[in-house]
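Containing mmCIF, C-alpha atoms: work.cif.
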data_run
#
loop_
_atom_site.label_atom_id
_atom_site.label_comp_id
_atom_site.auth_asym_id
_atom_site.auth_seq_id
_atom_site.Cartn_x
_atom_site.Cartn_y
_atom_site.Cartn_z
CA MET A 15 112.07 170.57 33.96
CA ARG A 16 114.13 167.84 35.59
CA ASP A 17 112.61 165.23 33.25
CA SER A 18 112.61 167.36 30.08
CA GLY A 19 115.87 166.19 28.52
CA ILE A 20 117.22 169.75 28.75
CA THR A 21 120.78 169.57 30.03
CA GLY A 22 124.05 171.46 30.07
CA ARG A 23 124.23 174.69 28.11
CA TYR A 24 120.56 174.47 27.17
CA VAL A 25 119.25 174.71 30.74
CA GLU A 26 119.30 178.49 30.39
CA ALA A 27 117.92 178.52 26.82
CA THR A 28 114.86 180.73 26.50
CA PHE A 29 113.28 182.71 23.72
CA ASP A 30 114.66 185.89 25.30
CA SER A 31 118.23 184.53 25.35
CA PHE A 32 118.22 183.61 21.65
CA ALA A 33 120.65 185.94 19.86
CA VAL A 34 118.93 187.77 17.02
CA ALA A 35 121.01 189.66 14.46
CA THR A 36 118.97 189.24 11.25
CA LYS A 37 115.34 189.47 10.20
CA GLU A 38 115.45 185.73 9.37
CA GLN A 39 116.50 184.90 12.94
CA GLN A 40 113.76 187.20 14.28
CA ALA A 41 111.19 185.46 12.07
CA ALA A 42 112.34 181.99 13.24
CA LEU A 43 112.15 183.13 16.86
CA GLU A 44 108.63 184.48 16.38
CA VAL A 45 107.43 181.25 14.74
CA CYS A 46 108.85 179.15 17.61
CA ARG A 47 107.39 181.47 20.24
CA ALA A 48 103.97 181.33 18.56
CA PHE A 49 104.14 177.53 18.21
CA THR A 50 104.17 177.09 22.01
CA GLY A 51 102.24 180.28 22.75
CA PRO A 52 98.80 180.68 24.32
CA ALA A 53 97.04 178.66 21.58
CA PHE A 54 99.27 175.58 22.11
CA HIS A 55 97.53 172.36 23.10
CA ALA A 56 98.75 168.78 23.31
CA ASP A 57 96.52 167.41 20.57
CA GLN A 58 96.95 170.10 17.92
CA GLY A 59 98.46 167.54 15.56
CA ASN A 60 100.90 169.83 13.81
CA GLY A 61 104.64 170.19 13.74
CA LEU A 62 107.53 172.48 13.11
CA TRP A 63 110.78 171.76 11.30
CA LEU A 64 113.91 173.81 11.90
CA ILE A 65 116.49 172.81 9.34
CA GLY A 66 119.83 174.34 8.47
CA PRO A 67 123.56 174.15 9.06
CA PRO A 68 125.14 173.49 12.47
CA GLY A 69 125.42 176.30 14.99
CA THR A 70 122.39 178.33 13.93
CA GLY A 71 120.54 177.96 17.24
CA LYS A 72 118.07 175.23 16.35
CA SER A 73 118.72 173.29 19.58
CA HIS A 74 118.51 176.52 21.60
CA LEU A 75 115.08 177.24 20.12
CA GLY A 76 114.02 173.62 20.65
CA ALA A 77 114.98 173.76 24.33
CA ALA A 78 113.20 177.12 24.66
CA MET A 79 110.01 175.57 23.25
CA VAL A 80 110.23 172.66 25.67
CA GLY A 81 110.76 175.04 28.58
CA ASP A 82 107.85 177.22 27.44
CA VAL A 83 105.43 174.28 27.29
CA ILE A 84 106.49 173.16 30.77
CA ASN A 85 106.43 176.62 32.36
CA ARG A 86 103.51 178.26 30.55
CA HIS A 87 101.20 175.29 30.05
CA THR A 88 102.42 173.03 32.91
CA LYS A 89 102.52 170.08 30.54
CA ARG A 90 105.19 167.47 29.94
CA ALA A 91 107.60 168.22 27.12
CA TYR A 92 110.84 166.56 26.09
CA ILE A 93 113.86 167.19 23.88
CA ALA A 94 115.97 164.26 22.70
CA SER A 95 118.21 163.43 19.79
CA ALA A 96 117.06 160.72 17.43
CA ARG A 97 120.11 158.67 18.52
CA GLN A 98 119.12 159.00 22.21
CA ILE A 99 115.70 157.58 21.44
CA VAL A 100 117.15 154.67 19.46
CA ARG A 101 119.71 153.94 22.20
CA ARG A 102 117.05 154.02 24.90
CA LEU A 103 114.80 151.66 22.92
CA ARG A 104 117.69 149.29 22.28
CA ALA A 105 118.58 149.32 25.98
CA THR A 106 115.24 147.60 26.65
CA TRP A 107 116.58 144.52 24.89
CA ARG A 108 118.98 143.78 27.76
CA ARG A 109 117.91 141.21 30.33
CA ASP A 110 118.61 143.64 33.16
CA ALA A 111 116.84 146.59 31.48
CA SER A 112 115.34 149.13 33.87
CA GLU A 113 112.40 149.82 31.55
CA ASN A 114 110.57 147.97 28.82
CA GLU A 115 109.93 149.07 25.24
CA GLU A 116 106.36 150.18 25.96
CA GLU A 117 107.58 152.47 28.77
CA VAL A 118 110.14 154.08 26.47
CA LEU A 119 107.58 154.56 23.70
CA GLU A 120 105.24 156.23 26.18
CA ALA A 121 108.06 158.42 27.55
CA PHE A 122 108.58 159.92 24.08
CA GLY A 123 105.13 159.42 22.60
CA LEU A 124 102.90 160.89 25.29
CA PRO A 125 104.40 164.30 26.24
CA ALA A 126 102.54 167.38 25.03
CA LEU A 127 105.60 168.28 22.94
CA LEU A 128 108.58 166.32 21.66
CA VAL A 129 111.52 168.13 20.14
CA LEU A 130 113.40 165.60 18.05
CA ASP A 131 116.97 166.88 17.66
CA GLU A 132 119.83 165.82 15.39
CA VAL A 133 117.53 163.98 13.02
CA GLY A 134 119.62 162.25 10.38
CA LEU A 135 122.70 161.95 12.55
CA GLY A 136 122.63 158.19 12.68
CA PHE A 137 123.46 155.24 10.56
CA GLY A 138 120.12 155.43 8.72
CA THR A 139 119.59 151.70 9.08
CA GLU A 140 116.18 150.19 8.62
CA GLY A 141 116.22 149.17 12.29
CA GLU A 142 116.76 152.77 13.42
CA GLN A 143 114.02 153.98 11.08
CA ILE A 144 111.55 151.45 12.48
CA GLN A 145 112.37 152.36 16.08
CA LEU A 146 111.92 156.07 15.40
CA LEU A 147 108.74 155.31 13.44
CA ASP A 148 107.28 153.64 16.54
CA VAL A 149 107.64 156.92 18.48
CA ILE A 150 106.59 159.13 15.57
CA ASP A 151 103.57 156.94 14.78
CA LEU A 152 102.35 157.03 18.40
CA ARG A 153 102.66 160.82 18.43
CA TYR A 154 100.94 161.05 15.03
CA THR A 155 98.06 158.84 16.19
CA LEU A 156 97.60 160.92 19.37
CA LYS A 157 97.98 164.18 17.38
CA ARG A 158 100.89 165.27 19.61
CA PRO A 159 102.95 168.12 18.13
CA THR A 160 106.53 167.25 17.22
CA VAL A 161 109.35 169.63 16.41
CA LEU A 162 112.11 168.30 14.17
CA LEU A 163 115.63 169.80 14.24
CA SER A 164 118.13 168.78 11.58
CA ASN A 165 121.09 169.83 9.47
CA LEU A 166 119.58 167.92 6.53
CA ASN A 167 117.30 169.26 3.82
CA ALA A 168 113.91 167.64 3.12
CA PRO A 169 115.08 165.06 0.51
CA LEU A 170 117.89 163.87 2.80
CA LEU A 171 115.49 163.79 5.77
CA ARG A 172 113.18 161.50 3.79
CA THR A 173 116.12 159.13 3.22
CA ALA A 174 117.23 159.28 6.87
CA LEU A 175 113.76 158.80 8.37
CA GLY A 176 112.14 156.56 5.78
CA ASP A 177 108.99 157.38 3.85
CA ARG A 178 106.48 156.52 6.61
CA ALA A 179 108.03 158.61 9.38
CA PHE A 180 108.83 161.47 6.99
CA ASP A 181 105.24 161.57 5.74
CA ARG A 182 103.74 161.57 9.26
CA LEU A 183 106.09 164.30 10.48
CA ARG A 184 105.51 166.60 7.53
CA GLU A 185 101.69 166.52 7.78
CA GLY A 186 100.68 169.90 9.13
CA ALA A 187 104.30 170.90 9.75
CA ARG A 188 105.79 174.27 8.97
CA THR A 189 109.42 174.40 7.84
CA ILE A 190 111.80 177.15 8.89
CA VAL A 191 115.15 177.20 7.11
CA CYS A 192 117.81 178.48 9.51
CA ASN A 193 120.33 179.58 6.92
CA TRP A 194 122.58 182.08 8.66
CA PRO A 195 126.13 181.94 10.02
CA SER A 196 126.93 179.73 13.00
CA HIS A 197 126.68 181.34 16.41
CA ARG A 198 129.64 179.22 17.42
CA GLY A 199 131.87 180.62 14.69
CA ALA A 200 131.30 184.16 15.95
CA ARG A 201 133.25 183.29 19.10
CA LEU A 202 136.28 181.90 17.26
CA SER A 203 139.36 184.05 17.44
CA THR A 204 141.17 184.62 14.15
CA GLU A 205 144.51 185.40 15.77
#
Show the structure stored in the file as structure tokens.
Amino acid sequence: MRDSGITGRYVEATFDSFAVATKEQQAALEVCRAFTGPAFHADQGNGLWLIGPPGTGKSHLGAAMVGDVINRHTKRAYIASARQIVRRLRATWRRDASENEEEVLEAFGLPALLVLDEVGLGFGTEGEQIQLLDVIDLRYTLKRPTVLLSNLNAPLLRTALGDRAFDRLREGARTIVCNWPSHRGARLSTE
């Protein structure tokens, strides 16, 4: 768990701690639970997309899936934002870099599960797209399952990721639209 990318408020994120108030939330929870359930294996070659507005629990479910793969299957799993991956790859360009590009690609490309969070929250430059494609392509080639979390819909995701990465990620992927009110807004006082 120490090397999973799960930090802060998501350390305690589990399937059981996901707040369910609607049948849509229950359905999303069941799909995520099944995705990493007993039939999960590191070369299943499929994916899962959780898309919808901020605050709907996508990152919570992503962290729960990572934790489930680590605890149930004792396999490596990782959650990272697209920007974290790009920053880590760019850090290899420094002369005093602690890791090289190949090591970073392996860190994100080899785990049994990668949850790619905040997809589309970048500048959308061609350079960013190519760097993410390197990770996505390695996972695609190895048939490693990848979960995508984003506030963007599919057409905007295609623009943010580029055609190649988008096409690889969508092959065999199931999309869950998390279209319910923000969990964060429920805690806001109206006084």
* **Length of the atom CA of Ser18 of chain A to atom CA of Ile93 of chain A vector [Å]** => 6.3 Å
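The two atoms in question, atom CA of Arg23 of chain A and atom CA of Ala77 of chain A, are spaced 10.0 Å apart.
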* Exactly which residues make up the result of the PyMOL selection byres ((chain A and resi 121-138) around 7) on this file, given as number ranges by chain? -> A: 56, 73, 76, 80, 89-97, 117-120, 139-140, 142-143, 149, 152-153, 158-164, 166, 171, 174
Could you tell me which residues the PyMOL selection byres ((chain A and resi 39-47) around 12) grabs in this file, written as an mmCIF file with C-alpha atoms, keeping the file's coordinate frame?
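Here's the written file part27.cif:
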data_model
loop_
_atom_site.group_PDB
_atom_site.id
_atom_site.type_symbol
_atom_site.label_atom_id
_atom_site.label_comp_id
_atom_site.auth_asym_id
_atom_site.auth_seq_id
_atom_site.Cartn_x
_atom_site.Cartn_y
_atom_site.Cartn_z
ATOM 1 C CA THR A 28 114.860 180.730 26.500
ATOM 2 C CA PHE A 29 113.280 182.710 23.720
ATOM 3 C CA ASP A 30 114.660 185.890 25.300
ATOM 4 C CA SER A 31 118.230 184.530 25.350
ATOM 5 C CA PHE A 32 118.220 183.610 21.650
ATOM 6 C CA ALA A 33 120.650 185.940 19.860
ATOM 7 C CA VAL A 34 118.930 187.770 17.020
ATOM 8 C CA ALA A 35 121.010 189.660 14.460
ATOM 9 C CA THR A 36 118.970 189.240 11.250
ATOM 10 C CA LYS A 37 115.340 189.470 10.200
ATOM 11 C CA GLU A 38 115.450 185.730 9.370
ATOM 12 C CA ALA A 48 103.970 181.330 18.560
ATOM 13 C CA PHE A 49 104.140 177.530 18.210
ATOM 14 C CA THR A 50 104.170 177.090 22.010
ATOM 15 C CA GLY A 51 102.240 180.280 22.750
ATOM 16 C CA PRO A 52 98.800 180.680 24.320
ATOM 17 C CA ALA A 53 97.040 178.660 21.580
ATOM 18 C CA PHE A 54 99.270 175.580 22.110
ATOM 19 C CA GLY A 61 104.640 170.190 13.740
ATOM 20 C CA LEU A 62 107.530 172.480 13.110
ATOM 21 C CA TRP A 63 110.780 171.760 11.300
ATOM 22 C CA LEU A 64 113.910 173.810 11.900
ATOM 23 C CA ILE A 65 116.490 172.810 9.340
ATOM 24 C CA GLY A 66 119.830 174.340 8.470
ATOM 25 C CA THR A 70 122.390 178.330 13.930
ATOM 26 C CA GLY A 71 120.540 177.960 17.240
ATOM 27 C CA LYS A 72 118.070 175.230 16.350
ATOM 28 C CA SER A 73 118.720 173.290 19.580
ATOM 29 C CA HIS A 74 118.510 176.520 21.600
ATOM 30 C CA LEU A 75 115.080 177.240 20.120
ATOM 31 C CA GLY A 76 114.020 173.620 20.650
ATOM 32 C CA ALA A 77 114.980 173.760 24.330
ATOM 33 C CA ALA A 78 113.200 177.120 24.660
ATOM 34 C CA MET A 79 110.010 175.570 23.250
ATOM 35 C CA VAL A 80 110.230 172.660 25.670
ATOM 36 C CA GLY A 81 110.760 175.040 28.580
ATOM 37 C CA ASP A 82 107.850 177.220 27.440
ATOM 38 C CA VAL A 83 105.430 174.280 27.290
ATOM 39 C CA ARG A 86 103.510 178.260 30.550
ATOM 40 C CA VAL A 129 111.520 168.130 20.140
ATOM 41 C CA VAL A 161 109.350 169.630 16.410
ATOM 42 C CA LEU A 162 112.110 168.300 14.170
ATOM 43 C CA ALA A 187 104.300 170.900 9.750
ATOM 44 C CA ARG A 188 105.790 174.270 8.970
ATOM 45 C CA THR A 189 109.420 174.400 7.840
ATOM 46 C CA ILE A 190 111.800 177.150 8.890
ATOM 47 C CA VAL A 191 115.150 177.200 7.110
ATOM 48 C CA CYS A 192 117.810 178.480 9.510
ATOM 49 C CA ASN A 193 120.330 179.580 6.920
ATOM 50 C CA TRP A 194 122.580 182.080 8.660
ATOM 51 C CA PRO A 195 126.130 181.940 10.020
ATOM 52 C CA SER A 196 126.930 179.730 13.000
ATOM 53 C CA HIS A 197 126.680 181.340 16.410
#
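Here atom CA of Asp177 of chain A and atom CA of Gln98 of chain A stand 21.0 Å from one another.
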* Hits of the PyMOL selection byres ((chain A and resi 183) around 8) in this structure, as a PyMOL selection string -> chain A and resi 61+150+154+160+179-182+184-187
* To do: Rank nothing, just name the residue among A:Gly19, A:Gly59, A:Gly69, A:Gly141 nearest to Arg198 of chain A, using all atoms listed in the file.
  => A:Gly69
